[in-house]
$ cat data24.csv   # CSV, C-alpha atoms
chain,number,residue,atom,x,y,z
D,1,MET,CA,30.0,-99.3,-0.9
D,2,GLN,CA,29.9,-101.6,2.2
D,3,ALA,CA,27.2,-101.3,4.8
D,4,GLN,CA,29.4,-99.6,7.3
D,5,GLN,CA,30.4,-96.9,4.8
D,6,LEU,CA,26.8,-96.3,3.9
D,7,THR,CA,25.8,-96.1,7.6
D,8,GLU,CA,28.5,-93.5,8.2
D,9,ILE,CA,27.3,-91.4,5.3
D,10,ALA,CA,23.7,-91.6,6.5
D,11,ASN,CA,24.7,-90.5,10.0
D,12,GLU,CA,26.6,-87.5,8.6
D,13,LEU,CA,23.6,-86.6,6.6
D,14,ARG,CA,21.5,-86.6,9.7
D,15,ILE,CA,23.6,-83.7,10.9
D,16,TRP,CA,23.0,-81.9,7.6
D,17,ILE,CA,19.3,-82.4,7.9
D,18,ILE,CA,19.2,-80.9,11.4
D,19,GLU,CA,21.3,-78.0,10.2
D,20,MET,CA,19.2,-77.1,7.2
D,21,LEU,CA,15.9,-77.4,9.0
D,22,THR,CA,17.2,-75.2,11.8
D,23,GLU,CA,18.3,-72.6,9.2
D,24,ALA,CA,14.9,-72.8,7.5
D,25,LYS,CA,13.0,-72.6,10.7
D,26,SER,CA,10.4,-74.9,9.3
D,27,GLY,CA,10.2,-78.5,7.9
D,28,HIS,CA,9.9,-82.1,9.0
D,29,PRO,CA,12.7,-83.6,11.0
D,30,GLY,CA,11.0,-86.9,12.2
D,31,GLY,CA,10.3,-88.5,8.8
D,32,SER,CA,13.5,-87.1,7.2
D,33,LEU,CA,15.6,-88.8,9.9
D,34,SER,CA,13.7,-92.1,9.7
D,35,ALA,CA,14.2,-92.2,5.9
D,36,ILE,CA,17.8,-91.2,5.5
D,37,ASP,CA,19.3,-94.7,5.7
D,38,LEU,CA,16.9,-95.9,3.0
D,39,VAL,CA,17.6,-93.0,0.7
D,40,THR,CA,21.4,-93.3,1.3
D,41,ALA,CA,21.4,-96.9,0.3
D,42,LEU,CA,19.5,-96.3,-2.8
D,43,PHE,CA,21.6,-93.4,-4.2
D,44,PHE,CA,25.0,-94.6,-3.0
D,45,HIS,CA,24.7,-98.3,-3.5
D,46,GLU,CA,21.7,-99.6,-5.6
D,47,MET,CA,20.5,-97.1,-8.2
D,48,LYS,CA,22.3,-97.0,-11.6
D,49,GLY,CA,22.9,-94.1,-13.9
D,50,ILE,CA,22.3,-91.4,-11.4
D,51,THR,CA,25.9,-90.4,-10.4
D,52,PRO,CA,27.0,-86.9,-11.5
D,53,GLU,CA,29.8,-86.9,-14.2
D,54,GLN,CA,33.3,-86.2,-12.9
D,55,LYS,CA,35.4,-83.5,-14.7
D,56,SER,CA,38.8,-83.0,-13.2
D,57,GLY,CA,37.7,-84.7,-10.1
D,58,VAL,CA,34.8,-82.4,-9.6
D,59,PRO,CA,31.2,-83.7,-9.7
D,60,THR,CA,29.5,-82.1,-12.7
D,61,PRO,CA,25.8,-82.8,-13.2
D,62,GLY,CA,25.1,-83.6,-16.8
D,63,PRO,CA,22.2,-84.9,-18.9
D,64,LEU,CA,20.3,-87.7,-17.2
D,65,PRO,CA,20.7,-91.0,-19.2
D,66,PRO,CA,17.3,-92.4,-20.3
D,67,HIS,CA,18.3,-95.9,-19.0
D,68,ARG,CA,18.8,-94.6,-15.4
D,69,ASP,CA,17.0,-95.9,-12.4
D,70,ARG,CA,14.3,-93.5,-11.0
D,71,PHE,CA,13.5,-92.5,-7.4
D,72,VAL,CA,10.1,-91.1,-6.5
D,73,LEU,CA,9.8,-89.6,-3.0
D,74,SER,CA,6.1,-90.0,-2.4
D,75,LYS,CA,6.4,-88.8,1.2
D,76,GLY,CA,7.5,-85.4,-0.2
D,77,HIS,CA,7.7,-83.7,3.2
D,78,ALA,CA,10.8,-85.8,3.9
D,79,VAL,CA,12.7,-84.0,1.1
D,80,PRO,CA,15.5,-82.8,3.4
D,81,ALA,CA,16.8,-86.4,3.3
D,82,LEU,CA,16.8,-86.3,-0.5
D,83,TYR,CA,18.5,-82.9,-0.6
D,84,ALA,CA,21.2,-84.0,1.8
D,85,VAL,CA,21.9,-87.1,-0.4
D,86,LEU,CA,22.0,-85.0,-3.6
D,87,ALA,CA,24.4,-82.6,-2.0
D,88,LYS,CA,26.7,-85.4,-0.7
D,89,GLN,CA,26.6,-87.0,-4.2
D,90,GLY,CA,27.4,-83.7,-5.9
D,91,TRP,CA,24.2,-82.8,-7.7
D,92,ILE,CA,23.9,-79.6,-5.7
D,93,ALA,CA,26.4,-77.6,-3.6
D,94,VAL,CA,26.4,-78.2,0.1
D,95,GLU,CA,26.1,-74.5,0.7
D,96,GLU,CA,22.8,-74.5,-1.2
D,97,LEU,CA,21.2,-76.6,1.6
D,98,LYS,CA,21.1,-73.4,3.6
D,99,THR,CA,18.4,-72.1,1.2
D,100,LEU,CA,15.9,-74.7,2.1
D,101,ARG,CA,12.3,-73.3,2.0
D,102,LYS,CA,13.5,-69.8,1.2
D,103,THR,CA,11.9,-67.7,-1.5
D,104,GLY,CA,13.4,-68.3,-4.9
D,105,SER,CA,15.3,-71.4,-3.8
D,106,ARG,CA,15.3,-74.6,-5.8
D,107,LEU,CA,15.1,-76.5,-2.5
D,108,GLN,CA,11.5,-76.0,-1.5
D,109,GLY,CA,9.6,-77.9,1.3
D,110,HIS,CA,8.5,-80.5,-1.2
D,111,PRO,CA,10.3,-81.9,-4.3
D,112,ASP,CA,10.0,-79.8,-7.5
D,113,ARG,CA,11.0,-81.5,-10.7
D,114,VAL,CA,10.9,-78.3,-12.7
D,115,ARG,CA,13.6,-76.6,-10.6
D,116,MET,CA,15.5,-79.8,-9.9
D,117,PRO,CA,15.8,-82.1,-12.9
D,118,ILE,CA,17.3,-85.0,-10.9
D,119,VAL,CA,14.0,-85.0,-9.0
D,120,GLU,CA,11.7,-87.3,-11.0
D,121,ALA,CA,8.4,-86.2,-9.7
D,122,SER,CA,6.9,-83.2,-7.8
D,123,THR,CA,5.3,-84.7,-4.7
D,124,GLY,CA,3.8,-83.7,-1.5
D,125,SER,CA,0.1,-84.4,-2.0
D,126,LEU,CA,0.3,-87.6,-0.1
D,127,GLY,CA,-0.9,-90.9,-1.7
D,128,GLN,CA,0.0,-90.0,-5.3
D,129,GLY,CA,3.7,-91.0,-5.6
D,130,LEU,CA,3.1,-94.7,-6.1
D,131,SER,CA,0.8,-94.0,-9.0
D,132,VAL,CA,3.4,-91.8,-10.6
D,133,ALA,CA,6.1,-94.4,-10.0
D,134,GLN,CA,3.9,-97.1,-11.6
D,135,GLY,CA,3.4,-95.0,-14.7
D,136,ILE,CA,7.1,-94.4,-15.0
D,137,ALA,CA,7.8,-98.2,-14.5
D,138,LEU,CA,5.2,-99.1,-17.1
D,139,GLY,CA,6.9,-96.8,-19.7
D,140,LEU,CA,10.3,-98.1,-18.9
D,141,LYS,CA,9.2,-101.7,-19.2
D,142,THR,CA,8.9,-101.1,-22.9
D,143,GLU,CA,11.6,-98.5,-23.6
D,144,HIS,CA,14.3,-99.4,-21.1
D,145,PRO,CA,13.5,-102.7,-19.4
D,146,GLU,CA,16.8,-102.8,-17.4
D,147,ALA,CA,15.8,-99.6,-15.6
D,148,ARG,CA,14.0,-99.7,-12.2
D,149,VAL,CA,11.8,-97.4,-10.3
D,150,PHE,CA,11.9,-97.0,-6.5
D,151,CYS,CA,9.1,-95.3,-4.6
D,152,LEU,CA,9.5,-94.3,-0.9
D,153,LEU,CA,6.2,-94.2,0.9
D,154,GLY,CA,5.2,-93.0,4.4
D,155,ASP,CA,3.0,-95.2,6.4
D,156,GLY,CA,0.5,-92.4,7.1
D,157,GLU,CA,0.0,-91.8,3.4
D,158,THR,CA,-0.8,-95.5,2.8
D,159,GLN,CA,-4.1,-94.8,4.4
D,160,GLU,CA,-5.0,-93.1,1.1
D,161,GLY,CA,-7.2,-95.0,-1.3
D,162,GLN,CA,-5.1,-94.1,-4.3
D,163,ILE,CA,-2.2,-96.1,-2.8
D,164,TRP,CA,-4.4,-99.3,-2.9
D,165,GLU,CA,-5.5,-98.7,-6.4
D,166,ALA,CA,-1.8,-98.6,-7.5
D,167,ALA,CA,-1.1,-101.6,-5.2
D,168,MET,CA,-3.8,-103.5,-7.1
D,169,SER,CA,-2.8,-102.5,-10.7
D,170,ALA,CA,1.0,-102.8,-10.5
D,171,PRO,CA,0.9,-106.6,-10.3
D,172,LYS,CA,-1.6,-106.7,-13.1
D,173,PHE,CA,1.0,-105.1,-15.4
D,174,GLU,CA,3.7,-107.4,-14.0
D,175,LEU,CA,5.9,-104.5,-13.0
D,176,SER,CA,8.9,-106.3,-11.6
D,177,ASN,CA,10.9,-103.1,-12.2
D,178,LEU,CA,8.9,-101.3,-9.5
D,179,CYS,CA,10.0,-101.4,-5.9
D,180,ALA,CA,8.0,-99.7,-3.3
D,181,ILE,CA,9.6,-99.0,0.1
D,182,LEU,CA,7.6,-98.2,3.2
D,183,ASP,CA,9.2,-96.0,5.8
D,184,SER,CA,7.1,-97.5,8.5
D,185,ASN,CA,7.8,-95.3,11.5
D,186,ASN,CA,4.3,-95.4,12.9
D,187,GLY,CA,4.0,-91.6,13.0
D,188,GLN,CA,1.9,-89.0,11.3
D,189,ILE,CA,0.9,-85.5,12.1
D,190,ASP,CA,-2.2,-86.5,14.0
D,191,GLY,CA,-0.6,-89.2,16.1
D,192,PRO,CA,0.6,-92.8,15.9
D,193,VAL,CA,-0.5,-94.5,12.6
D,194,SER,CA,-1.7,-97.5,14.6
D,195,GLN,CA,-4.3,-95.2,16.3
D,196,VAL,CA,-5.2,-92.8,13.6
D,197,MET,CA,-6.0,-95.5,11.0
D,198,PRO,CA,-4.3,-98.9,11.7
D,199,LEU,CA,-2.6,-100.5,8.7
D,200,GLU,CA,-1.8,-104.0,10.1
D,201,PRO,CA,-1.4,-106.6,8.9
D,202,ILE,CA,0.7,-104.6,6.4
D,203,ALA,CA,2.8,-107.4,4.9
D,204,ASP,CA,-0.1,-109.7,4.5
D,205,LYS,CA,-2.2,-107.0,2.7
D,206,TRP,CA,0.6,-106.3,0.1
D,207,ARG,CA,1.1,-110.0,-0.4
D,208,ALA,CA,-2.6,-110.4,-1.0
D,209,PHE,CA,-2.5,-107.7,-3.7
D,210,GLY,CA,0.2,-109.7,-5.5
D,211,TRP,CA,3.5,-108.1,-4.4
D,212,HIS,CA,6.7,-109.8,-3.4
D,213,VAL,CA,7.1,-108.6,0.2
D,214,ILE,CA,10.4,-108.2,2.1
D,215,GLU,CA,10.4,-107.3,5.7
D,216,ILE,CA,13.5,-105.5,7.2
D,217,GLU,CA,14.7,-103.3,10.0
D,218,GLY,CA,15.0,-99.9,8.2
D,219,HIS,CA,18.1,-98.7,10.1
D,220,ASN,CA,20.1,-101.9,9.5
D,221,MET,CA,22.1,-101.1,6.5
D,222,THR,CA,23.0,-104.7,5.8
D,223,GLN,CA,19.4,-105.7,5.7
D,224,ILE,CA,18.6,-102.7,3.5
D,225,ILE,CA,21.2,-103.6,0.8
D,226,GLN,CA,20.3,-107.3,1.0
D,227,ALA,CA,16.6,-106.4,0.4
D,228,LEU,CA,17.5,-104.1,-2.6
D,229,LYS,CA,19.7,-106.9,-4.0
D,230,LEU,CA,16.9,-109.4,-3.8
D,231,SER,CA,14.6,-106.9,-5.5
D,232,ARG,CA,17.1,-106.5,-8.3
D,233,ASP,CA,17.7,-110.3,-8.6
D,234,LEU,CA,13.9,-111.0,-8.9
D,235,HIS,CA,13.6,-108.4,-11.7
D,236,GLN,CA,16.7,-109.6,-13.6
D,237,GLN,CA,15.7,-113.2,-13.3
D,238,GLY,CA,12.4,-112.6,-15.1
D,239,GLY,CA,10.1,-112.3,-12.1
D,240,LYS,CA,6.7,-110.8,-12.7
D,241,LYS,CA,5.8,-109.3,-9.3
D,242,PRO,CA,6.6,-105.7,-8.1
D,243,VAL,CA,8.5,-105.7,-4.8
D,244,PHE,CA,7.4,-104.1,-1.6
D,245,ILE,CA,10.0,-103.6,1.1
D,246,LEU,CA,8.5,-103.1,4.6
D,247,ALA,CA,11.1,-101.2,6.5
D,248,LYS,CA,10.4,-100.8,10.2
D,249,THR,CA,11.9,-97.5,11.2
D,250,ILE,CA,12.0,-95.0,14.1
D,251,LYS,CA,10.7,-91.5,13.6
D,252,GLY,CA,13.4,-89.0,14.5
D,253,LYS,CA,16.1,-91.7,14.4
D,254,GLY,CA,19.5,-90.7,15.8
D,255,VAL,CA,18.4,-87.9,18.0
D,256,SER,CA,17.4,-89.1,21.5
D,257,PHE,CA,14.7,-86.5,22.2
D,258,MET,CA,13.1,-86.8,18.8
D,259,GLU,CA,12.9,-90.6,18.5
D,260,ASN,CA,9.3,-92.0,18.5
D,261,ASN,CA,8.1,-88.5,19.5
D,262,ILE,CA,5.2,-87.4,17.2
D,263,ALA,CA,5.7,-83.8,18.3
D,264,TRP,CA,8.8,-83.7,16.0
D,265,HIS,CA,6.8,-84.6,12.8
D,266,GLY,CA,6.7,-81.0,11.6
D,267,VAL,CA,8.5,-78.9,14.2
D,268,VAL,CA,12.1,-77.8,13.9
D,269,PRO,CA,14.5,-77.6,16.8
D,270,THR,CA,15.6,-74.3,18.5
D,271,LEU,CA,19.3,-73.4,18.2
D,272,ALA,CA,19.9,-75.0,21.6
D,273,GLU,CA,18.0,-78.2,20.6
D,274,ALA,CA,19.8,-78.3,17.3
D,275,GLU,CA,23.2,-78.0,19.0
D,276,LYS,CA,22.3,-80.9,21.4
D,277,ALA,CA,21.1,-83.0,18.5
D,278,ILE,CA,24.3,-82.4,16.5
D,279,GLN,CA,26.5,-83.2,19.5
D,280,GLU,CA,24.7,-86.5,19.9
D,281,LEU,CA,25.1,-87.3,16.2
D,282,LYS,CA,28.8,-86.3,16.1
D,283,SER,CA,29.4,-88.4,19.2
D,284,GLU,CA,28.0,-91.4,17.4
D,285,LEU,CA,30.1,-90.8,14.4
D,286,LYS,CA,33.2,-90.8,16.5
D,287,LYS,CA,32.2,-94.2,17.9
D,288,GLY,CA,32.4,-95.6,14.4
D,289,GLY,CA,29.3,-94.3,12.7
D,290,LYS,CA,26.7,-96.8,14.0
D,291,ILE,CA,23.6,-95.4,15.6
D,292,HIS,CA,21.9,-98.0,17.7
D,293,GLY,CA,18.2,-98.3,18.3
$ encode --input "data24.csv" --output "structure tokens"
Amino acid sequence: MQAQQLTEIANELRIWIIEMLTEAKSGHPGGSLSAIDLVTALFFHEMKGITPEQKSGVPTPGPLPPHRDRFVLSKGHAVPALYAVLAKQGWIAVEELKTLRKTGSRLQGHPDRVRMPIVEASTGSLGQGLSVAQGIALGLKTEHPEARVFCLLGDGETQEGQIWEAAMSAPKFELSNLCAILDSNNGQIDGPVSQVMPLEPIADKWRAFGWHVIEIEGHNMTQIIQALKLSRDLHQQGGKKPVFILAKTIKGKGVSFMENNIAWHGVVPTLAEAEKAIQELKSELKKGGKIHG
């Protein structure tokens, strides 16, 4: 898919995110909206072996091929973005999105790999996802060296020490099949990341740990797919370093009253607020799908 098509899908899925969170009456809109462009690009453009089989034109989820690319959502609270993508791609029914966070639903507030086989790791305890992704990448390096692992991190969770242990060991094992992506929206539940526990200079730190660092605007789909292509090329050309994509994003992206507002980290909109948000998003879609910063 081209960048414009991917942008339009991501913007449509922003509407689905608002709708499912409003129905659930709980969840995390800010980080879901900041991450959706990145997750859309991964599933609809970059990752291989993760498209549902088609039978008579109908998406039919089948066994997952062992050579597939893997995605680990380390910032598990942003799982509405993942559910929206899985529904759009045909892994789950769109109607099932209404069951988010309900008792007995497969779609809980954090990813559950037991209930959802396409989910590679149960996450939500922040700081652990990169270690899980590294373990998967290490195994694939021997069994299926063509396969790659993508791990989406939140900047708040990279304050965790376990992240830096993984950041130190991945280059040691020359895991060029591992790509970590930081959804750097500078927001966590306690306030701006830059005030709670500053991370800068982020890019320099990851380079110092031995990663190949790519810096992009995380809502610019052209930059996203170019960064993912570079990550792929480095792996296929025999590179040794894991790749770290520093994606500068906006918390609550696409909804004017949510953007850069920490209050929307884990608070869902009222019916009136949801209607306003959806109207804004639909208006942008009519303009051609591009949501401007």
$ residues_around --input "data24.csv" --residues "Gln134 of chain D" --least-positions-apart "2" --cutoff "9 Å" --atoms "all atoms listed in the file" --output "ChimeraX atom specification"
/D:129-132,136-139,149,151,166,169-170,175,178
$ closest_residue --input "data24.csv" --among "D:Trp264, D:Trp16, D:Tyr83, D:Phe150" --to "Leu42 of chain D" --atoms "only C-alpha atoms"
D:Phe150
$ residues_near_point --input "data24.csv" --point "(7.6, -109.5, -4.2)" --cutoff "9 Å" --atoms "only C-alpha atoms" --output "mmCIF file with C-alpha atoms, in the frame of the given file"
data_model
loop_
_atom_site.group_PDB
_atom_site.id
_atom_site.type_symbol
_atom_site.label_atom_id
_atom_site.label_comp_id
_atom_site.auth_asym_id
_atom_site.auth_seq_id
_atom_site.Cartn_x
_atom_site.Cartn_y
_atom_site.Cartn_z
ATOM 1 C CA SER D 176 8.900 -106.300 -11.600
ATOM 2 C CA CYS D 179 10.000 -101.400 -5.900
ATOM 3 C CA TRP D 206 0.600 -106.300 0.100
ATOM 4 C CA ARG D 207 1.100 -110.000 -0.400
ATOM 5 C CA GLY D 210 0.200 -109.700 -5.500
ATOM 6 C CA TRP D 211 3.500 -108.100 -4.400
ATOM 7 C CA HIS D 212 6.700 -109.800 -3.400
ATOM 8 C CA VAL D 213 7.100 -108.600 0.200
ATOM 9 C CA ILE D 214 10.400 -108.200 2.100
ATOM 10 C CA SER D 231 14.600 -106.900 -5.500
ATOM 11 C CA LEU D 234 13.900 -111.000 -8.900
ATOM 12 C CA GLY D 239 10.100 -112.300 -12.100
ATOM 13 C CA LYS D 240 6.700 -110.800 -12.700
ATOM 14 C CA LYS D 241 5.800 -109.300 -9.300
ATOM 15 C CA PRO D 242 6.600 -105.700 -8.100
ATOM 16 C CA VAL D 243 8.500 -105.700 -4.800
ATOM 17 C CA PHE D 244 7.400 -104.100 -1.600
ATOM 18 C CA ILE D 245 10.000 -103.600 1.100
#
$ closest_residue --input "data24.csv" --among "D:Val268, D:Leu6, D:Gly156, D:Met20" --to "Leu107 of chain D" --atoms "only C-alpha atoms"
D:Met20
$ residues_around --input "data24.csv" --residues "Pro29 of chain D" --least-positions-apart "4" --cutoff "8 Å" --atoms "all atoms listed in the file" --output "PyMOL selection string"
chain D and resi 17-18+21+33+78+252+264-268
$ residues_around --input "data24.csv" --residues "Glu8 of chain D" --least-positions-apart "2" --cutoff "12 Å" --atoms "all atoms listed in the file" --output "NGL selection string"
:D and (1-6 or 10-15 or 36-37 or 40-41 or 44 or 219-221 or 281-282 or 284-291)
$ write_last_selection --input "data24.csv" --atoms "C-alpha atoms" --output "PDB file, keeping the file's coordinate frame"
ATOM      1  CA  MET D   1      30.000 -99.300  -0.900  1.00  0.00           C
ATOM      2  CA  GLN D   2      29.900-101.600   2.200  1.00  0.00           C
ATOM      3  CA  ALA D   3      27.200-101.300   4.800  1.00  0.00           C
ATOM      4  CA  GLN D   4      29.400 -99.600   7.300  1.00  0.00           C
ATOM      5  CA  GLN D   5      30.400 -96.900   4.800  1.00  0.00           C
ATOM      6  CA  LEU D   6      26.800 -96.300   3.900  1.00  0.00           C
ATOM      7  CA  ALA D  10      23.700 -91.600   6.500  1.00  0.00           C
ATOM      8  CA  ASN D  11      24.700 -90.500  10.000  1.00  0.00           C
ATOM      9  CA  GLU D  12      26.600 -87.500   8.600  1.00  0.00           C
ATOM     10  CA  LEU D  13      23.600 -86.600   6.600  1.00  0.00           C
ATOM     11  CA  ARG D  14      21.500 -86.600   9.700  1.00  0.00           C
ATOM     12  CA  ILE D  15      23.600 -83.700  10.900  1.00  0.00           C
ATOM     13  CA  ILE D  36      17.800 -91.200   5.500  1.00  0.00           C
ATOM     14  CA  ASP D  37      19.300 -94.700   5.700  1.00  0.00           C
ATOM     15  CA  THR D  40      21.400 -93.300   1.300  1.00  0.00           C
ATOM     16  CA  ALA D  41      21.400 -96.900   0.300  1.00  0.00           C
ATOM     17  CA  PHE D  44      25.000 -94.600  -3.000  1.00  0.00           C
ATOM     18  CA  HIS D 219      18.100 -98.700  10.100  1.00  0.00           C
ATOM     19  CA  ASN D 220      20.100-101.900   9.500  1.00  0.00           C
ATOM     20  CA  MET D 221      22.100-101.100   6.500  1.00  0.00           C
ATOM     21  CA  LEU D 281      25.100 -87.300  16.200  1.00  0.00           C
ATOM     22  CA  LYS D 282      28.800 -86.300  16.100  1.00  0.00           C
ATOM     23  CA  GLU D 284      28.000 -91.400  17.400  1.00  0.00           C
ATOM     24  CA  LEU D 285      30.100 -90.800  14.400  1.00  0.00           C
ATOM     25  CA  LYS D 286      33.200 -90.800  16.500  1.00  0.00           C
ATOM     26  CA  LYS D 287      32.200 -94.200  17.900  1.00  0.00           C
ATOM     27  CA  GLY D 288      32.400 -95.600  14.400  1.00  0.00           C
ATOM     28  CA  GLY D 289      29.300 -94.300  12.700  1.00  0.00           C
ATOM     29  CA  LYS D 290      26.700 -96.800  14.000  1.00  0.00           C
ATOM     30  CA  ILE D 291      23.600 -95.400  15.600  1.00  0.00           C
TER      31      ILE D 291
END
$ closest_residue --input "data24.csv" --among "D:Ala227, D:Val193, D:Ala24, D:Leu199" --to "Leu271 of chain D" --atoms "all atoms listed in the file"
D:Ala24
$ closest_residue --input "data24.csv" --among "D:Val85, D:Ile202, D:Met197, D:Ile92" --to "Arg115 of chain D" --atoms "all atoms listed in the file"
D:Ile92
$ build_atoms --input "data24.csv" --residues "segment 218-232 of chain D" --atoms "N, CA and C atoms" --output "mmCIF file, keeping the file's coordinate frame"
data_model
loop_
_atom_site.group_PDB
_atom_site.id
_atom_site.type_symbol
_atom_site.label_atom_id
_atom_site.label_comp_id
_atom_site.auth_asym_id
_atom_site.auth_seq_id
_atom_site.Cartn_x
_atom_site.Cartn_y
_atom_site.Cartn_z
ATOM 1 N N GLY D 218 14.605 -101.019 9.112
ATOM 2 C CA GLY D 218 15.000 -99.900 8.200
ATOM 3 C C GLY D 218 16.157 -99.106 8.578
ATOM 4 N N HIS D 219 16.811 -99.399 9.708
ATOM 5 C CA HIS D 219 18.100 -98.700 10.100
ATOM 6 C C HIS D 219 19.233 -99.689 10.088
ATOM 7 N N ASN D 220 18.991 -100.898 9.640
ATOM 8 C CA ASN D 220 20.100 -101.900 9.500
ATOM 9 C C ASN D 220 20.519 -101.905 8.083
ATOM 10 N N MET D 221 21.675 -101.288 7.827
ATOM 11 C CA MET D 221 22.100 -101.100 6.500
ATOM 12 C C MET D 221 22.360 -102.415 5.736
ATOM 13 N N THR D 222 22.829 -103.411 6.447
ATOM 14 C CA THR D 222 23.000 -104.700 5.800
ATOM 15 C C THR D 222 21.717 -105.285 5.321
ATOM 16 N N GLN D 223 20.673 -105.197 6.131
ATOM 17 C CA GLN D 223 19.400 -105.700 5.700
ATOM 18 C C GLN D 223 18.821 -104.870 4.536
ATOM 19 N N ILE D 224 19.060 -103.558 4.549
ATOM 20 C CA ILE D 224 18.600 -102.700 3.500
ATOM 21 C C ILE D 224 19.190 -103.117 2.140
ATOM 22 N N ILE D 225 20.515 -103.253 2.092
ATOM 23 C CA ILE D 225 21.200 -103.600 0.800
ATOM 24 C C ILE D 225 20.858 -104.997 0.380
ATOM 25 N N GLN D 226 20.655 -105.896 1.326
ATOM 26 C CA GLN D 226 20.300 -107.300 1.000
ATOM 27 C C GLN D 226 18.870 -107.283 0.349
ATOM 28 N N ALA D 227 17.950 -106.495 0.907
ATOM 29 C CA ALA D 227 16.600 -106.400 0.400
ATOM 30 C C ALA D 227 16.596 -105.823 -1.035
ATOM 31 N N LEU D 228 17.396 -104.774 -1.236
ATOM 32 C CA LEU D 228 17.500 -104.100 -2.600
ATOM 33 C C LEU D 228 18.100 -105.106 -3.568
ATOM 34 N N LYS D 229 19.078 -105.886 -3.138
ATOM 35 C CA LYS D 229 19.700 -106.900 -4.000
ATOM 36 C C LYS D 229 18.671 -107.945 -4.429
ATOM 37 N N LEU D 230 17.881 -108.407 -3.473
ATOM 38 C CA LEU D 230 16.900 -109.400 -3.800
ATOM 39 C C LEU D 230 15.850 -108.831 -4.772
ATOM 40 N N SER D 231 15.466 -107.574 -4.574
ATOM 41 C CA SER D 231 14.600 -106.900 -5.500
ATOM 42 C C SER D 231 15.152 -106.896 -6.908
ATOM 43 N N ARG D 232 16.427 -106.559 -6.997
ATOM 44 C CA ARG D 232 17.100 -106.500 -8.300
ATOM 45 C C ARG D 232 17.184 -107.915 -8.922
#
